[in-house]
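What follows is a set of notes on a single structure, which appears directly below.
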Amino acid sequence: MPTATFKVWRTDEKGGAFRDYSVAIVPGMVVLDAVHQIQATEAPDLAVRWNCKAGKCGSCSAEINGSPRLMCMTRLNSLPLDEPVTVEPMRAFPPIKDLVTDVSWNYRVKQSIKPFAAKKPDASDGTWRMRQADIDRVQEFRKCIECFLCQDVCHILRDHKMHDRFIGPRFLTYAAALEMNPIDAGDRLDDLKNHHGIGYCNITRCCTKVCPEHITITENAIIPLKERVVDRFYDPITRLLRVFRS
Amino acid sequence: MDFETHDYDVLVIGAGGAGLRAAIEASAAGVQVGLICKSLLGKAHTVMAEGGVAAALANVDDRDSWKVHFADTMRGGQYVNNWRMAELHAKEAPDRVRELEAWGAVFDRTADGRILQRNFGGHRYPRLAHVGDRTGLELIRTLQDEGVHRGIDVHMEFTVVSLLATDGRASGVVGYERERGRFKVFGASAVILATGGAGRAYKITSNSWEGTGDGHSLAYHAGAELLDMEFIQFHPTGMIWPPSVQGILVTEGVRGEGGILLNRDGRRFMFDDIPDAYRKQTADNEDEGWRYTQGDKNARRPPELLTRDHVARCIMREVRDGRGSPHGGVFLDIAWIKKRLANGEEHIRRKLPSMYHQFKELADIDITKEPMEVGPTTHYIMGGVRVDGDTQMSSVQGLFAAGECAAGINGANRLGGNSLSDLLVFGKRAGEHAAAFAREHRRVSIDTAAARAAADRALKPFEAGPGGGENPYAIQSALQEMMQALVGIVRNEDDMQRALQGLTALRTRVERAVVTGHREYNPGWHTSIDLGHLLTVSEAITRSAIERKESRGGHFREDFPEKDPRFAMFNVVTAKASDGSMQVRRVPLPAMPAELKQIIEDQK
C-alpha cells in the first residue's frame with residue numbers, strides 16, 4: 001500500500017514542533033482520515049476537533065501545507081504527496097493542544113452583535129411574505145458553517161492582532177445577513193463603524209478565497225456594508241442635512 | 001477529589017436542536033438554565049439534517065393538515081408509535097416552524113412569498129419546510145443565535161460520564177471538561193437529556209464521533225427505562241465510494257426532487273416491490289412519478305419515496321442478488337431530469353447545492369452529469385428513553401429526554417423530516433415541563449461519593465501498568481464491525497446470540513483499555529469513555545432485537561421475515577434489574593382514542 005508522510009504539529013512544554021508520521025493511503029482519502037489513522041495507531045492522544053466529516057459543521061479547520069482548509073474536505077490527491085504534508089493549527093487563535101485552538105473569542109464577538117429583531121408580521125395570518133429573490137443574498141451568508149478560516153487568514157486579526165477592535169470577516173458577514181434580512185428591524189451601522197471596526201478591512205479578499213462554502217464575503221457582504229456605513233456617516237449631503245436638522 | 005460545582009434549576013445535556021430548543025423554553029420560563037455541549041456550540045449533529053422540517057403548514061398543498069401528518073407518521077412507524085406524541089407533534093410542528101422564522105430563520109419561499117415545502121418519503125403532501133439541502137444548519141444556527149441572548153450558561157466541550165440520582169430523583173451530573181481534563185459536578189432540580197443518537201455503534205454510519213448513545217446509557221444506568229431499542233434506521237442512501245466517505249449521508253431530497261434508483265442493469269427496481277399499505281398512494285409508472293415530484297396534485301408519488309426501511313431493504317436485495325453497482329450499492333440518478341427540464345443542471349445545483357458540492361469534492365462526481373453510488377448507512381435510532389408523551393419526563397423523577405435520545409414518536413421507522421420537527425416540538429415541551437418541575441420541587445443533594453466513584457472509573461484507563469492494556473480505538477472498531485455484521489440491517493437469532501457473547505468479551509477488553517498522554521484534550525481517553533456508553537446501547541439494541549420475533553420498520557429478521565400482528569400490540573422496554581443485569585420486557589401499547597383511530601382509517 002502506498003504511504004505518505006505527514007508532518008503534524010504537536011504541542012509540548014516548549015511550545016510545539018512538527019512530528020513525522022507515515023500514513024497508508026486509501027482511495028479518496030482526506031487529510032482528516034490521515035489524522036484519524038495516526039490517532040488510531042501511533043498517537044491516540046493527538047488532539048483534533050471534528051464532527052460531521054462532510055464539510056457541514058466547520059470543526060476541523062487547520063492549516064494544510066500552509067493554507068487554511070477544512071481537513072475533512074481536503075483530498076490527498078489534491079496535494080503533492082512526494083513531499084511531506086504539513087498539518088498545523090489555525091495560527092490566528094491561541095493554541096490549546098496539537099491541532100486544537102481556543103476559538104472562544106468568536107463566540108464573544110457574536111454575542112456583541114445586535115440580534116435579529118423581527119418586524120411586525122405583514123400578512124393577515126400573522127406571518128411574513130418574502131420574495132425568494134429578496135432573500136437569495138441572505139441565504140448565501142447563512143450558508144456559513146463558522147469554521148473561522150476567514151478569521152484565521154485575515155491579516156488584521158492574524159498579523160495585527162486587532163481582535164479588540166475588529167470583528168473579522170465572519171461577523172461582518174453575520175451582520176450583513178441580519179442587515180439585509182427583509183424582515184429584520186435592527187440597525188447595526190453605528191456599531192459596525194464605532195465598535196466593530198469595519199473601516200479596518202482593506203478588502204484584500206483573502207477571506208473570500210479560503211471560504212469552504214464559497215461565500216463571496218468581500219463583494220457581497222463587506223463592501224455593501226461599507227457602502228451603507230459611508231452613506232450614513234460620510235456622505236457630505238447627508239451630513240449637511242443632519243446639521244440643518246439638528 | 002474536590003469538584004468545581006455549578007448549580008442550575010434546569011440542566012440540559014446536549015446542544016443540538018432539541019437541547020437548544022429546550023434550553024430556550026426553560027429560560028423563557030424564568031429559571032436558571034445550564035447547557036452542556038459535547039463539542040463547540042453550533043457543531044452538533046443537527047447540522048447534518050439536510051432535507052427539511054416536516055410540518056403541515058399546507059403552503060404548497062392546501063389539502064394537508066395535522067391529521068394527514070399524524071396518519072402518515074403512524075403508518076410510517078407501523079403503528080407501534082406513541083400515538084399521543086405523534087398527535088402532539090403533528091399539531092404543534094407548524095407553530096414551531098413559524099416561530100423559527102420569527103427568530104431569524106430564512107426558509108426557501110413559494111411564489112407568493114410563504115415558506116416553501118418539498119416532497120419527502122412517506123409524507124402524502126409536500127410538507128418539508130427547507131433551506132436548499134442545509135436545513136439542519138439553518139435550524140441550529142437560528143436556535144443558537146436566539147439562545148445566546150437569553151442568559152443561558154453554555155459549557156462547551158464537556159462530556160458527562162454519569163447521571164446522578166438520589167432516591168429515584170435526578171440530582172445532577174458529573175463529567176469532565178475536555179480542555180483541561182478536570183472533573184466538574186452540575187447540580188440541578190431537573191435534567192433534560194438531548195444527546196442525540198448512537199450510530200457510532202456501527203461501522204457504516206452517518207453519525208459523527210459524538211453519536212455514542214450517551215443519553216441512552218446515562219438514563220439507563222440512572223434507573224430510567226429505554227423503549228424500542230431494536231428499531232434502528234438504516235438510511236437507504238449513504239455514500240459508498242471512495243472508502244473514506246463511506247456512510248456520509250445523501251439526502252432523501254435528491255429523490256424528492258426527482259432522483260431515481262437504478263441497479264447495475266439500469267432497471268428502476270423500486271417499482272418491483274410496493275408494500276400493500278402504500279399501493280394506493282404510489283405511482284405505477286415513471287411518468288406519473290415524475291409529475292408528482294413536479295407538483296402535479298393528481299399524480300401519486302414515485303416508489304423511490306416509499307419509507308426509508310423499505311427502500312433500504314430493496315437496495316440490499318439488489319446487491320445480494322448480484323445486481324448492485326461496482327462498489328456494492330446501487331445508482332442514484334438525478335442527472336436524468338435534464339431530459340425533462342430545460343434548465344436541469346442549474347435546477348439541481350440550486351435545489352441540492354451541498355450534495356453537488358459533497359460529491360464534486362469528495363468523490364470527483366458531478367451529480368448533474370453522472371449517477372451517484374449509494375447504499376444503506378446507520379442513520380438514526382427510533383428507540384430511546386421512555387418518556388411521558390406530554391411532558392417528556394422519564395421514569396426517573398426530574399429526568400426528561402427530547403429529540404433522538406427519546407423514544408415514541410417514530411415507532412418502528414421515522415419519516416424523513418420528522419426528526420427536525422420532533423426536536424422542536426418535544427424540545428420545547430421538555431424545556432417547559434422541566435422548568436415547571438424545577439419550580440415545584442426542591443433540589444436534592446448530590447451524592448458526592450457516587451460522583452467521586454464515577455470520576456475514578458473514568459480515570460482508570462490512565463492507571464494500567466506498562467505492557468498491559470489495549471488501545472481504545474481498536475476496541476471501538478471491533479465493536480463497530482461486530483454490530484454491523486451481527487445486529488445490522490438483516491438480523492437473525494444465532495447472529496444476535498453471538499453478538500451478546502461478543503459484547504461480554506468486549507466488556508472485558510474495555511476494562512483493560514489503556515490511554516497514553518495526559519488528561520488535557522486527549523481523544524484516546526475520550527474514546528475509552530465513549531466505549532462504556534456504546535456497550536450499554538449495543539446490548540440494549542441486541543436484547544430488544546432478540547425479543548421482537550418479527551420484521552417491522554427498521555427491524556428486519558430473516559428468521560421472522562413477516563410482520564406479526566401479535567407484535568403490533570406491544571413495545572419492548574429495557575431496564576436495569578436490581579442485580580445490575582439488563583432486562584427486556586414487553587409492555588402493551590396504550591389504547592388509542594377512537595377519534596385518532598378514525599383519522600387513521602380516513603387516511604388509508
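Residue numbers start at 1 in each chain; chains themselves are named A, B, ... in the order of the C-alpha cells; ligands are numbered from 1 in the order shown.
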DSSP strand (DSSP E) selection over range 364-485 of chain B, as a PyMOL selection string: chain B and resi 372-381+384-385+399-401
Write a file of the selected residues as a tab-separated table (two decimals), in the first residue's frame, keeping N, CA and C atoms.
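File produced: selection11.tsv:
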```tsv
chain	number	residue	atom	x	y	z
B	372	MET	N	-24.93	8.83	-8.79
B	372	MET	CA	-24.16	8.60	-7.57
B	372	MET	C	-24.24	7.12	-7.22
B	373	GLU	N	-23.23	6.60	-6.53
B	373	GLU	CA	-23.32	5.24	-6.00
B	373	GLU	C	-23.68	5.34	-4.52
B	374	VAL	N	-24.75	4.65	-4.12
B	374	VAL	CA	-25.22	4.78	-2.74
B	374	VAL	C	-25.57	3.42	-2.14
B	375	GLY	N	-25.58	3.36	-0.82
B	375	GLY	CA	-26.01	2.16	-0.10
B	375	GLY	C	-26.42	2.56	1.31
B	376	PRO	N	-27.08	1.63	2.03
B	376	PRO	CA	-27.60	1.99	3.36
B	376	PRO	C	-26.51	2.37	4.37
B	377	THR	N	-26.85	3.31	5.24
B	377	THR	CA	-25.93	3.75	6.28
B	377	THR	C	-26.72	3.93	7.59
B	378	THR	N	-26.11	3.55	8.71
B	378	THR	CA	-26.77	3.68	10.01
B	378	THR	C	-26.98	5.15	10.30
B	379	HIS	N	-28.23	5.54	10.50
B	379	HIS	CA	-28.53	6.96	10.47
B	379	HIS	C	-29.18	7.46	11.74
B	380	TYR	N	-30.08	6.67	12.32
B	380	TYR	CA	-30.96	7.20	13.37
B	380	TYR	C	-31.46	6.05	14.22
B	381	ILE	N	-31.66	6.33	15.51
B	381	ILE	CA	-32.26	5.30	16.36
B	381	ILE	C	-33.64	5.77	16.80
B	384	GLY	N	-35.21	4.82	22.39
B	384	GLY	CA	-34.56	5.77	23.28
B	384	GLY	C	-35.19	5.75	24.64
B	385	VAL	N	-34.99	6.86	25.36
B	385	VAL	CA	-35.51	6.94	26.73
B	385	VAL	C	-37.04	6.95	26.67
B	399	LEU	N	-36.06	13.72	35.48
B	399	LEU	CA	-35.20	13.42	34.31
B	399	LEU	C	-36.07	13.42	33.06
B	400	PHE	N	-35.74	14.30	32.13
B	400	PHE	CA	-36.50	14.45	30.90
B	400	PHE	C	-35.61	14.07	29.72
B	401	ALA	N	-36.25	13.77	28.59
B	401	ALA	CA	-35.46	13.48	27.38
B	401	ALA	C	-36.23	13.99	26.18
```
Please list as a list in words every residue within 10 Å of Ile64 in chain A, counting only C-alpha atoms and excluding residues in the same chain fewer than 3 positions away. Lys7, Val8, Val31, Ser61, Ser67, Pro68, Arg69, Leu70, Met71, Thr74, Leu79, Val85, Thr86, Val87, Glu88, Pro89 and Met90 of chain A
How many Å separate CA of Cys147 in chain A from CA of Glu227 in chain A?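 A separation of 26.6 Å between them.
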Just want the 7 Å neighbourhood of Ala170 in chain B, counted on only C-alpha atoms, with same-chain residues fewer than 2 positions away dropped. Output as a PyMOL selection string. chain B and resi 164-166+168+172+190-191+396-399
With a cut-off of 7 Å and counting only C-alpha atoms, select all residues of chain B in contact with chain A and give the selection as a PyMOL selection string. chain B and resi 43+45+47-48+102-104+106+108-109+113-114+148+208-209+242-244+248+361-363+473+516-517+521-524
Near range 418-425 of chain B, counting only C-alpha atoms, which residues have an atom at most 7 Å away, once you skip same-chain residues fewer than 3 positions from it, shown as a list in words?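 Those residues are Gly17, Ala18, Arg21, Val53, Ala54, Ala55, His89, Glu92, Ala93, Arg96, Ala402, Gly403, Arg414, Leu415, Lys428 and Arg429 of chain B.
Counting only C-alpha atoms, the residue from B:Thr307, B:Gln281, B:Ser394, B:Asn492 that sits nearest to Lys604 in chain B is B:Gln281.
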List every residue of range 45-209 of chain A that DSSP, applied to the backbone of this structure, assigns to alpha helix (DSSP H), and report them as a VMD selection string. chain A and resid 104 to 111 132 to 142 149 to 153 155 to 158 168 to 179 189 to 194 206 to 209
Option closest in space to Val587 in chain B, from B:Gly213, B:Arg509, B:Glu318, B:Asp228 [counting only C-alpha atoms]: B:Asp228
Could you name the residues that touch Gly554 in chain B at 10 Å or less, counting only C-alpha atoms, but leaving out those on the same chain fewer than 2 positions away, as a ChimeraX atom specification? /B:77,230-235,307-310,312-313,380-382,411-414,488-490,551-552,556-557
From the set B:Ala219, B:Val330, B:Ile204, B:Ile13, which residue has the shortest atom-to-atom contact distance to Met483 in chain B, counting only C-alpha atoms?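 Selected residue with least distance to Met483 in chain B: B:Ile204.
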Name all residues at most 10 Å from range 497-507 of chain B (count only C-alpha atoms; drop same-chain ones fewer than 2 positions away) and give them as an NGL selection string. :B and (475-476 or 478-479 or 482-483 or 485-487 or 492-495 or 509-513 or 531-532 or 535-536 or 538-540 or 542-543 or 546)
From CA of Lys369 in chain B to CA of Arg137 in chain A the spacing works out at 27.0 Å
Find the spatial neighbours of range 588-597 of chain B, counting only C-alpha atoms, within a cut-off of 8 Å - ignore same-chain residues fewer than 4 positions away - and output them as a count of residues only. 7
